[in-house]
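*Asks:* model.txt is reproduced in full below (compact mmCIF, C-alpha atoms and all ligand atoms).
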# COMPACT_ATOMS: atom_id res chain seq x y z
CA MET C 1 -6.86 171.70 -8.52
CA ARG C 2 -5.43 174.55 -10.53
CA GLY C 3 -8.19 177.15 -10.05
CA THR C 4 -6.34 180.42 -9.75
CA ASN C 5 -8.83 182.98 -10.91
CA ASN C 6 -11.81 182.58 -8.64
CA TYR C 7 -11.59 186.11 -7.42
CA MET C 8 -13.17 189.26 -8.71
CA ALA C 9 -11.43 192.49 -7.81
CA ILE C 10 -13.53 195.01 -5.92
CA SER C 11 -12.54 198.37 -4.65
CA SER C 12 -11.68 198.71 -0.99
CA THR C 13 -10.17 201.32 1.31
CA PHE C 14 -6.60 200.88 2.63
CA ALA C 15 -4.08 203.15 4.33
CA SER C 16 -0.92 203.79 2.31
CA TRP C 17 2.35 205.56 3.32
CA ASN C 18 3.08 208.55 1.07
CA GLY C 19 6.30 209.85 2.62
CA ASP C 20 4.95 212.21 5.28
CA GLY C 21 1.99 210.32 6.61
CA TYR C 22 -0.62 207.71 5.85
CA ARG C 23 -3.27 208.59 3.32
CA THR C 24 -6.37 206.67 2.49
CA VAL C 25 -6.42 205.14 -0.97
CA GLN C 26 -8.71 202.89 -2.94
CA MET C 27 -7.15 199.53 -3.70
CA SER C 28 -8.32 196.33 -5.27
CA ARG C 29 -9.06 193.49 -2.93
CA PRO C 30 -9.88 189.98 -4.13
CA THR C 31 -13.42 188.95 -3.31
CA PRO C 32 -14.62 185.39 -3.81
CA ASN C 33 -16.82 184.99 -6.86
CA PRO C 34 -20.12 184.20 -5.09
CA ARG C 35 -20.80 181.54 -7.72
CA GLY C 36 -17.23 180.18 -7.82
CA GLU C 37 -15.40 177.13 -6.56
CA ALA C 38 -16.29 177.65 -2.88
CA PHE C 39 -19.99 177.94 -3.73
CA TRP C 40 -20.03 174.57 -5.59
CA ASN C 41 -18.18 172.89 -2.72
CA SER C 42 -20.56 174.24 -0.07
CA THR C 43 -24.05 173.07 0.81
CA MET C 44 -24.98 173.89 -2.81
CA GLY C 45 -22.80 171.07 -4.18
CA HIS C 46 -24.30 168.65 -1.66
CA ALA C 47 -27.82 169.82 -2.53
CA TRP C 48 -27.18 169.02 -6.22
CA VAL C 49 -26.09 165.53 -5.14
CA SER C 50 -29.11 164.92 -2.91
CA GLN C 51 -31.49 166.26 -5.59
CA GLN C 52 -29.85 164.40 -8.49
CA THR C 53 -32.85 162.16 -9.29
CA VAL C 54 -35.23 165.13 -9.18
CA ILE C 55 -32.89 167.18 -11.39
CA SER C 56 -32.62 164.36 -13.95
CA GLU C 57 -36.39 164.12 -14.22
CA ILE C 58 -37.02 167.86 -14.26
CA PHE C 59 -34.51 168.50 -17.03
CA MET C 60 -35.41 165.44 -19.11
CA SER C 61 -36.43 167.54 -22.13
CA VAL C 62 -33.44 169.87 -21.77
CA THR C 63 -31.17 166.81 -21.81
CA SER C 64 -32.81 165.26 -24.82
CA VAL C 65 -32.89 168.49 -26.89
CA SER C 66 -29.22 169.25 -26.14
CA LEU C 67 -27.92 165.68 -26.54
CA ASP C 68 -29.66 165.48 -29.93
CA ALA C 69 -27.94 168.70 -30.95
CA ALA C 70 -24.59 167.35 -29.71
CA GLY C 71 -24.95 164.16 -31.79
CA ALA C 72 -22.17 162.16 -30.11
CA LYS C 73 -20.96 159.23 -32.24
CA LEU C 74 -19.28 155.92 -31.49
CA GLY C 75 -15.55 156.34 -30.95
CA GLU C 76 -15.64 160.10 -30.31
CA HIS C 77 -13.87 161.99 -27.53
CA VAL C 78 -16.25 164.20 -25.54
CA ILE C 79 -15.63 166.77 -22.79
CA ASP C 80 -18.55 167.72 -20.52
CA ILE C 81 -17.81 171.08 -18.87
CA GLY C 82 -19.32 171.50 -15.38
CA CYS C 83 -20.58 167.90 -15.62
CA GLY C 84 -21.84 168.03 -12.02
CA THR C 85 -23.31 164.74 -10.83
CA GLY C 86 -22.83 163.19 -14.26
CA ASP C 87 -26.27 162.96 -15.91
CA THR C 88 -25.04 163.94 -19.35
CA LEU C 89 -21.47 162.66 -18.93
CA LEU C 90 -22.80 159.13 -18.39
CA ALA C 91 -25.00 159.46 -21.48
CA PHE C 92 -21.93 160.45 -23.53
CA ALA C 93 -19.82 157.58 -22.16
CA GLU C 94 -22.58 155.19 -23.32
CA ALA C 95 -23.01 156.89 -26.69
CA VAL C 96 -19.33 156.90 -27.67
CA GLY C 97 -18.78 153.29 -26.49
CA PRO C 98 -15.52 151.66 -25.39
CA SER C 99 -13.65 152.95 -28.46
CA GLY C 100 -14.44 156.52 -27.40
CA ALA C 101 -14.06 158.44 -24.15
CA ALA C 102 -15.93 161.04 -22.10
CA LEU C 103 -14.16 163.46 -19.75
CA GLY C 104 -16.13 165.38 -17.10
CA VAL C 105 -14.56 168.59 -15.78
CA ASP C 106 -15.91 170.21 -12.63
CA VAL C 107 -14.81 172.28 -9.61
CA SER C 108 -17.15 170.55 -7.15
CA VAL C 109 -15.72 167.70 -5.08
CA PRO C 110 -19.10 166.28 -3.91
CA MET C 111 -20.68 166.49 -7.35
CA LEU C 112 -17.71 164.98 -9.18
CA ASP C 113 -17.36 162.21 -6.57
CA PHE C 114 -20.99 161.33 -7.11
CA ALA C 115 -20.56 161.32 -10.90
CA ARG C 116 -17.51 159.04 -10.56
CA HIS C 117 -19.48 156.70 -8.33
CA ARG C 118 -22.36 156.55 -10.83
CA ALA C 119 -19.98 155.81 -13.72
CA ALA C 120 -18.35 152.98 -11.75
CA GLU C 121 -21.75 151.52 -10.88
CA ALA C 122 -22.77 151.64 -14.53
CA GLY C 123 -19.48 149.95 -15.53
CA LEU C 124 -18.52 152.87 -17.79
CA GLY C 125 -14.74 152.47 -17.88
CA ASN C 126 -14.40 155.08 -20.64
CA ALA C 127 -15.59 157.91 -18.35
CA ALA C 128 -12.82 160.07 -16.84
CA PHE C 129 -12.95 163.00 -14.44
CA ALA C 130 -10.93 166.14 -13.83
CA LEU C 131 -11.48 168.14 -10.65
CA ALA C 132 -10.55 171.49 -12.15
CA ASP C 133 -11.61 174.95 -13.21
CA ALA C 134 -12.18 174.73 -16.97
CA THR C 135 -10.61 178.20 -17.24
CA ASP C 136 -7.10 176.97 -16.60
CA HIS C 137 -7.23 173.19 -16.69
CA ILE C 138 -4.54 171.88 -19.03
CA PHE C 139 -6.53 169.96 -21.63
CA GLU C 140 -4.86 167.42 -23.86
CA PRO C 141 -4.35 169.52 -27.01
CA ARG C 142 -6.80 168.88 -29.88
CA TRP C 143 -8.29 165.83 -28.16
CA ALA C 144 -12.06 166.45 -28.20
CA ASP C 145 -14.44 165.94 -31.12
CA LEU C 146 -17.20 167.46 -29.01
CA VAL C 147 -17.37 169.78 -26.00
CA TYR C 148 -20.76 169.94 -24.31
CA SER C 149 -22.36 171.55 -21.28
CA ARG C 150 -25.76 171.57 -19.62
CA PHE C 151 -25.82 174.77 -17.56
CA GLY C 152 -22.11 174.50 -16.63
CA VAL C 153 -20.44 177.34 -18.56
CA THR C 154 -22.06 180.51 -17.16
CA PHE C 155 -20.04 180.67 -13.92
CA PHE C 156 -16.61 181.61 -15.28
CA ASP C 157 -14.89 184.73 -13.88
CA ASP C 158 -13.31 185.29 -17.28
CA PRO C 159 -15.47 183.61 -19.95
CA VAL C 160 -13.24 184.55 -22.90
CA ARG C 161 -10.21 183.03 -21.20
CA ALA C 162 -12.22 179.94 -20.24
CA PHE C 163 -13.57 179.32 -23.74
CA THR C 164 -10.15 179.99 -25.30
CA ASN C 165 -8.68 177.37 -22.99
CA ILE C 166 -11.50 174.92 -23.71
CA ARG C 167 -10.97 175.38 -27.46
CA SER C 168 -7.31 174.37 -27.00
CA GLY C 169 -8.56 170.88 -26.08
CA MET C 170 -10.69 170.56 -29.24
CA LYS C 171 -9.79 169.16 -32.66
CA ALA C 172 -9.90 171.72 -35.48
CA GLY C 173 -13.54 171.79 -36.55
CA GLY C 174 -14.65 170.09 -33.30
CA ARG C 175 -18.21 170.84 -32.12
CA LEU C 176 -19.10 172.99 -29.13
CA VAL C 177 -22.71 172.49 -27.96
CA PHE C 178 -24.23 173.84 -24.77
CA VAL C 179 -27.45 175.02 -23.17
CA CYS C 180 -27.76 178.00 -20.87
CA PHE C 181 -30.58 180.21 -19.62
CA ARG C 182 -31.94 183.31 -21.31
CA THR C 183 -33.25 186.03 -18.96
CA MET C 184 -35.07 184.96 -15.82
CA PRO C 185 -38.45 186.42 -16.96
CA GLU C 186 -38.22 184.22 -20.08
CA SER C 187 -38.34 181.14 -17.82
CA PRO C 188 -41.86 181.08 -16.28
CA TRP C 189 -40.85 178.05 -14.21
CA PHE C 190 -38.51 180.40 -12.31
CA ARG C 191 -40.42 183.66 -12.82
CA VAL C 192 -43.74 182.47 -11.34
CA PRO C 193 -42.39 181.35 -7.92
CA ILE C 194 -39.82 184.18 -7.69
CA GLU C 195 -42.40 186.90 -8.39
CA ALA C 196 -44.73 185.38 -5.80
CA ALA C 197 -41.95 185.21 -3.18
CA ARG C 198 -40.41 188.64 -3.81
CA PRO C 199 -42.97 190.80 -1.89
CA HIS C 200 -42.27 188.76 1.27
CA VAL C 201 -38.49 189.33 1.45
CA PRO C 202 -36.31 192.43 1.95
CA PRO C 203 -35.58 194.41 -1.25
CA GLN C 204 -32.70 192.92 -3.22
CA PRO C 205 -29.63 194.99 -4.14
CA PRO C 206 -29.28 195.44 -7.91
CA VAL C 207 -27.20 192.70 -9.51
CA ASP C 208 -24.86 192.86 -12.47
CA PRO C 209 -26.61 190.66 -15.06
CA THR C 210 -23.24 189.67 -16.54
CA ALA C 211 -21.72 188.53 -13.21
CA PRO C 212 -21.02 184.77 -13.02
CA GLY C 213 -24.30 182.98 -12.43
CA MET C 214 -27.07 181.04 -14.13
CA PHE C 215 -28.30 184.02 -16.20
CA SER C 216 -24.93 185.57 -17.12
CA PHE C 217 -25.22 184.57 -20.82
CA ALA C 218 -28.78 185.86 -21.18
CA ARG C 219 -27.74 188.60 -23.62
CA GLU C 220 -27.23 187.02 -27.01
CA ASP C 221 -24.79 189.69 -28.26
CA ARG C 222 -22.58 189.21 -25.20
CA LEU C 223 -22.58 185.44 -25.60
CA ARG C 224 -21.74 185.69 -29.32
CA GLY C 225 -18.96 188.19 -28.53
CA ILE C 226 -17.40 185.88 -25.93
CA LEU C 227 -17.35 182.88 -28.28
CA THR C 228 -16.05 184.96 -31.19
CA GLU C 229 -13.27 186.42 -29.08
CA ALA C 230 -12.37 182.93 -27.89
CA GLY C 231 -11.85 181.90 -31.51
CA PHE C 232 -15.00 179.88 -32.25
CA ARG C 233 -16.60 179.97 -35.72
CA GLU C 234 -20.02 179.14 -37.19
CA ILE C 235 -21.70 180.27 -33.98
CA ALA C 236 -25.44 179.51 -33.83
CA ILE C 237 -27.50 180.71 -30.85
CA LYS C 238 -31.11 179.54 -30.96
CA ALA C 239 -33.86 180.39 -28.49
CA ASN C 240 -35.60 177.25 -27.28
CA ASP C 241 -38.46 177.11 -24.76
CA VAL C 242 -38.20 173.69 -23.15
CA PRO C 243 -40.91 172.18 -20.93
CA ILE C 244 -40.09 171.15 -17.38
CA HIS C 245 -41.07 167.69 -16.17
CA GLY C 246 -41.42 167.93 -12.40
CA LYS C 247 -43.60 165.05 -11.19
CA ASP C 248 -45.65 167.58 -9.23
CA THR C 249 -45.33 170.89 -7.36
CA THR C 250 -43.36 169.21 -4.57
CA GLN C 251 -40.69 168.06 -7.00
CA SER C 252 -40.44 171.46 -8.69
CA MET C 253 -40.24 173.14 -5.28
CA ALA C 254 -37.45 170.77 -4.21
CA PHE C 255 -35.33 172.17 -7.05
CA ILE C 256 -36.42 175.79 -6.79
CA THR C 257 -35.96 176.08 -3.02
CA GLN C 258 -32.68 174.17 -2.77
CA VAL C 259 -30.68 174.60 -5.96
CA GLY C 260 -32.69 177.00 -8.12
CA PRO C 261 -32.84 180.79 -7.79
CA LEU C 262 -34.88 180.99 -4.56
CA PRO C 263 -32.02 180.49 -2.04
CA ALA C 264 -30.34 183.72 -3.23
CA LEU C 265 -33.60 185.64 -2.80
CA LEU C 266 -34.06 184.28 0.74
CA GLU C 267 -30.47 184.91 1.82
CA ASN C 268 -31.18 187.95 4.03
CA ALA C 269 -34.75 187.07 4.99
CA SER C 270 -35.93 186.28 8.53
CA ASP C 271 -37.36 182.83 9.31
CA GLU C 272 -40.87 184.24 9.16
CA GLN C 273 -40.22 185.97 5.81
CA ARG C 274 -38.71 182.77 4.39
CA LYS C 275 -41.75 180.80 5.47
CA ARG C 276 -44.18 183.23 3.85
CA ALA C 277 -42.08 183.60 0.69
CA THR C 278 -41.71 179.84 0.23
CA GLU C 279 -45.42 179.29 0.76
CA ALA C 280 -46.29 182.00 -1.76
CA ALA C 281 -43.87 180.45 -4.28
CA ARG C 282 -45.40 177.00 -3.77
CA ASN C 283 -48.97 178.26 -4.19
CA ALA C 284 -48.11 180.20 -7.34
CA LEU C 285 -46.40 177.16 -8.85
CA ALA C 286 -49.23 174.82 -7.85
CA ALA C 287 -51.72 177.09 -9.61
CA GLN C 288 -49.80 176.74 -12.89
CA ILE C 289 -48.42 173.23 -12.83
CA GLY C 290 -50.71 170.40 -13.86
CA ALA C 291 -51.14 167.14 -11.93
CA ASP C 292 -48.39 165.71 -14.15
CA GLY C 293 -45.93 168.41 -13.01
CA ARG C 294 -45.92 170.06 -16.46
CA GLY C 295 -47.22 173.34 -17.79
CA LEU C 296 -44.24 175.67 -17.37
CA HIS C 297 -41.07 175.99 -19.39
CA VAL C 298 -37.56 177.39 -19.17
CA GLY C 299 -36.21 179.76 -21.82
CA LEU C 300 -32.87 178.51 -23.08
CA TRP C 301 -30.20 179.31 -25.60
CA LEU C 302 -29.16 176.24 -27.51
CA VAL C 303 -25.66 177.17 -28.62
CA SER C 304 -23.42 175.51 -31.17
CA ALA C 305 -20.09 176.51 -32.69
CA SER C 306 -17.04 174.95 -34.23
CA ALA C 307 -13.44 175.14 -33.00
C1 LIG A 1 -25.80 174.44 -12.71
S1 LIG A 1 -24.65 173.18 -12.33
C2 LIG A 1 -24.91 172.05 -13.69
C3 LIG A 1 -24.39 170.67 -13.43
C4 LIG A 1 -24.65 169.64 -14.54
N1 LIG A 1 -24.10 170.06 -15.80
C5 LIG A 1 -26.15 169.39 -14.65
O1 LIG A 1 -26.77 169.90 -15.59
O2 LIG A 1 -26.68 168.66 -13.79
C6 LIG A 1 -23.13 173.98 -12.78
C7 LIG A 1 -21.91 173.09 -12.67
O3 LIG A 1 -20.78 173.80 -13.17
C8 LIG A 1 -19.67 173.56 -12.30
N2 LIG A 1 -18.74 174.68 -12.45
C9 LIG A 1 -18.92 175.97 -12.06
N3 LIG A 1 -17.85 176.71 -12.38
C10 LIG A 1 -16.97 175.87 -13.02
C11 LIG A 1 -15.67 176.05 -13.59
N4 LIG A 1 -15.08 177.24 -13.57
N5 LIG A 1 -15.06 174.97 -14.15
C12 LIG A 1 -15.65 173.74 -14.14
N6 LIG A 1 -16.88 173.53 -13.61
C13 LIG A 1 -17.52 174.57 -13.07
C14 LIG A 1 -20.32 173.46 -10.92
O4 LIG A 1 -19.50 172.84 -9.98
C15 LIG A 1 -21.59 172.69 -11.25
O5 LIG A 1 -21.38 171.30 -11.20
What do you get writing this file as structure tokens?
*Replies:*
Amino acid sequence: MRGTNNYMAISSTFASWNGDGYRTVQMSRPTPNPRGEAFWNSTMGHAWVSQQTVISEIFMSVTSVSLDAAGAKLGEHVIDIGCGTGDTLLAFAEAVGPSGAALGVDVSVPMLDFARHRAAEAGLGNAAFALADATDHIFEPRWADLVYSRFGVTFFDDPVRAFTNIRSGMKAGGRLVFVCFRTMPESPWFRVPIEAARPHVPPQPPVDPTAPGMFSFAREDRLRGILTEAGFREIAIKANDVPIHGKDTTQSMAFITQVGPLPALLENASDEQRKRATEAARNALAAQIGADGRGLHVGLWLVSASA
């Protein structure tokens, strides 16, 4: 793996020799991006694998809206960035057929292994995999007709560099299509359980809304600026409220407590606080989700651009 930029610099205190004694100076120290490579290879990556069926069902509408927008055709070359366990990568491999090819790029060993296993089981010989950070993976130049992502492009340390690199693997005029989250309050499926849980856990330190994470592209002007700087043209960013299809509260809670935004909120909570917060989240969701698991949506950006 070629990931070299998974560190954000933060300020730290060191002693430095200045000729007649040590003085204390502020220096930069690399700190792991909390949503970087290590994160996706930890229990989080394994949780995405164990919850794959739930995730496929829950995001059924997200998948269909974004795959329609992507419009993959027979014979095309597709790259799926942050393909995870392969839901959409497998769909592309089917759509482009044996004369085309689909490449999944991801930093997570367990998630990519699972995707590879699913492709083999489905007999999709045109699916390929790269265990790599999309920021500095060497793509075959001008190979892809289409680059797609479902929630996989908001974790880059340096988004401009990442998208510039991704564009190098696209044919001139190739399509970029991805979905990402708008602000958390615009997704009631997250907001309802999080707001119910929040009073039961210690106060959270303020977070930088642009730091790598699921909501880092929430600001439309920032997102447009990143893509423009990376050289993309004809950028369209459309708000889309997409319904969630959990079978029931239990299924929604499986996502929200294991891979959704709740784990971060519970990080510094005691066992008792976790118990109360999780229960409050479940009750709040149950009050809003119908017997069919529907009733709440997520607020997305559906983004398209050309290379
Ligand atoms: C929210 S998950 C989405 C997974 C999959 N697209 C889905 O919808 O099921 C984000 C994915 O992006 C991957 N990822 C995060 N940073 C990445 C990077 N710099 N390069 C490639 N993949 C990355 C993670 O390993 C993870 O699989």
*Asks:* With distances taken over only C-alpha atoms, which residue among C:Arg222, C:Lys247, C:His117, C:His137 lies nearest Arg294 (chain C)?
*Replies:*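 The shortest atom-to-atom distance to Arg294 (chain C) comes from C:Lys247.
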*Asks:* With a cut-off of 7 Å, could you pull out the residues of chain C touching ligand LIG 1 (chain A) and give me the nearest pair of atoms for each, distance in Å to one decimal, using only C-alpha atoms and all ligand atoms, ordered by chain and ascending number, as CSV?
*Replies:*
residue,atom,partner,partner_atom,distance
C:Gly36,CA,A:LIG1,N3,5.8
C:Glu37,CA,A:LIG1,N3,6.3
C:Trp40,CA,A:LIG1,O4,4.7
C:Gly45,CA,A:LIG1,O4,6.9
C:Ile55,CA,A:LIG1,O2,6.8
C:Ile81,CA,A:LIG1,C12,5.8
C:Gly82,CA,A:LIG1,O3,3.5
C:Cys83,CA,A:LIG1,N1,4.1
C:Gly84,CA,A:LIG1,O5,3.4
C:Thr85,CA,A:LIG1,O2,6.0
C:Gly86,CA,A:LIG1,O2,6.7
C:Asp87,CA,A:LIG1,O2,6.1
C:Val105,CA,A:LIG1,C12,5.5
C:Asp106,CA,A:LIG1,N6,3.6
C:Val107,CA,A:LIG1,N6,4.7
C:Ser108,CA,A:LIG1,O4,4.3
C:Met111,CA,A:LIG1,O5,6.2
C:Ala132,CA,A:LIG1,C12,5.9
C:Asp133,CA,A:LIG1,N5,3.6
C:Ala134,CA,A:LIG1,N5,4.0
C:Thr135,CA,A:LIG1,N4,5.9
C:Ser149,CA,A:LIG1,N1,5.9
C:Arg150,CA,A:LIG1,N1,4.4
C:Phe151,CA,A:LIG1,C2,4.8
C:Gly152,CA,A:LIG1,O3,3.8
C:Val153,CA,A:LIG1,O3,6.5
C:Phe155,CA,A:LIG1,N3,4.8
C:Phe156,CA,A:LIG1,N4,4.9
C:Met214,CA,A:LIG1,C1,6.9
*Asks:* What separation in Å, quoted to one decimal, exists between CA of Asn165 (chain C) and CA of His77 (chain C)?
*Replies:*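 About the pair CA of Asn165 (chain C) and CA of His77 (chain C): they are 16.9 Å apart.
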*Asks:* Choose the residue, out of C:Glu195, C:Ala280, C:Ile79, C:Ala95, that has the smallest atom-to-atom separation from Arg142 (chain C); count only C-alpha atoms.
*Replies:*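 Once distances to Arg142 (chain C) are computed over only C-alpha atoms, the minimum belongs to C:Ile79.
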*Asks:* Can you work out the spacing between CA of Arg224 (chain C) and CA of Asp136 (chain C) in Å, to one decimal?
*Replies:*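 CA of Asp136 (chain C) lies at a distance of 21.3 Å from CA of Arg224 (chain C).
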*Asks:* Any idea what's packed within 8 Å of Val54 (chain C), counting only C-alpha atoms, ignoring anything in its chain fewer than 5 positions away? Could you give it as a ChimeraX atom specification?
*Replies:* /C:246,251,254-255
*Asks:* Would you write out those residues with C-alpha atoms, as a tab-separated table (two decimals), in the coordinates of the input?
*Replies:*
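Result saved to out04.tsv:
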chain	number	residue	atom	x	y	z
C	246	GLY	CA	-41.42	167.93	-12.40
C	251	GLN	CA	-40.69	168.06	-7.00
C	254	ALA	CA	-37.45	170.77	-4.21
C	255	PHE	CA	-35.33	172.17	-7.05
*Asks:* Any chance you could work out the axis-aligned box around region 214-217 of chain C, listed atoms only, 6 Å on each side, giving centre and edge lengths in Å to one decimal, as AutoDock Vina command-line options?
*Replies:*
--center_x -26.6 --center_y 183.3 --center_z -17.5 --size_x 15.4 --size_y 16.5 --size_z 18.7
*Asks:* Looking at all atoms listed in the file, which of C:Glu279, C:Glu267, C:Glu220, C:Glu272 is the one that sits closest to Thr249 (chain C)?
*Replies:* C:Glu279
*Asks:* Could you give me, as a PyMOL selection string, the residues within 12 Å of Val242 (chain C), counting all atoms listed in the file and dropping anything in the same chain fewer than 5 positions from it?
*Replies:* chain C and resi 58-66+179-182+186-189+294-302
*Asks:* Quick check, in Å to one decimal: how far apart do CA of Ser168 (chain C) and CA of Phe139 (chain C) lie?
*Replies:*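 These atoms are spaced 7.0 Å apart.
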*Asks:* Please provide the set of residues having any atom within 9 Å of Asp145 (chain C), restricted to all atoms listed in the file, with same-chain residues fewer than 6 positions apart removed, written as number ranges by chain.
*Replies:* C: 72, 76-79, 170-176
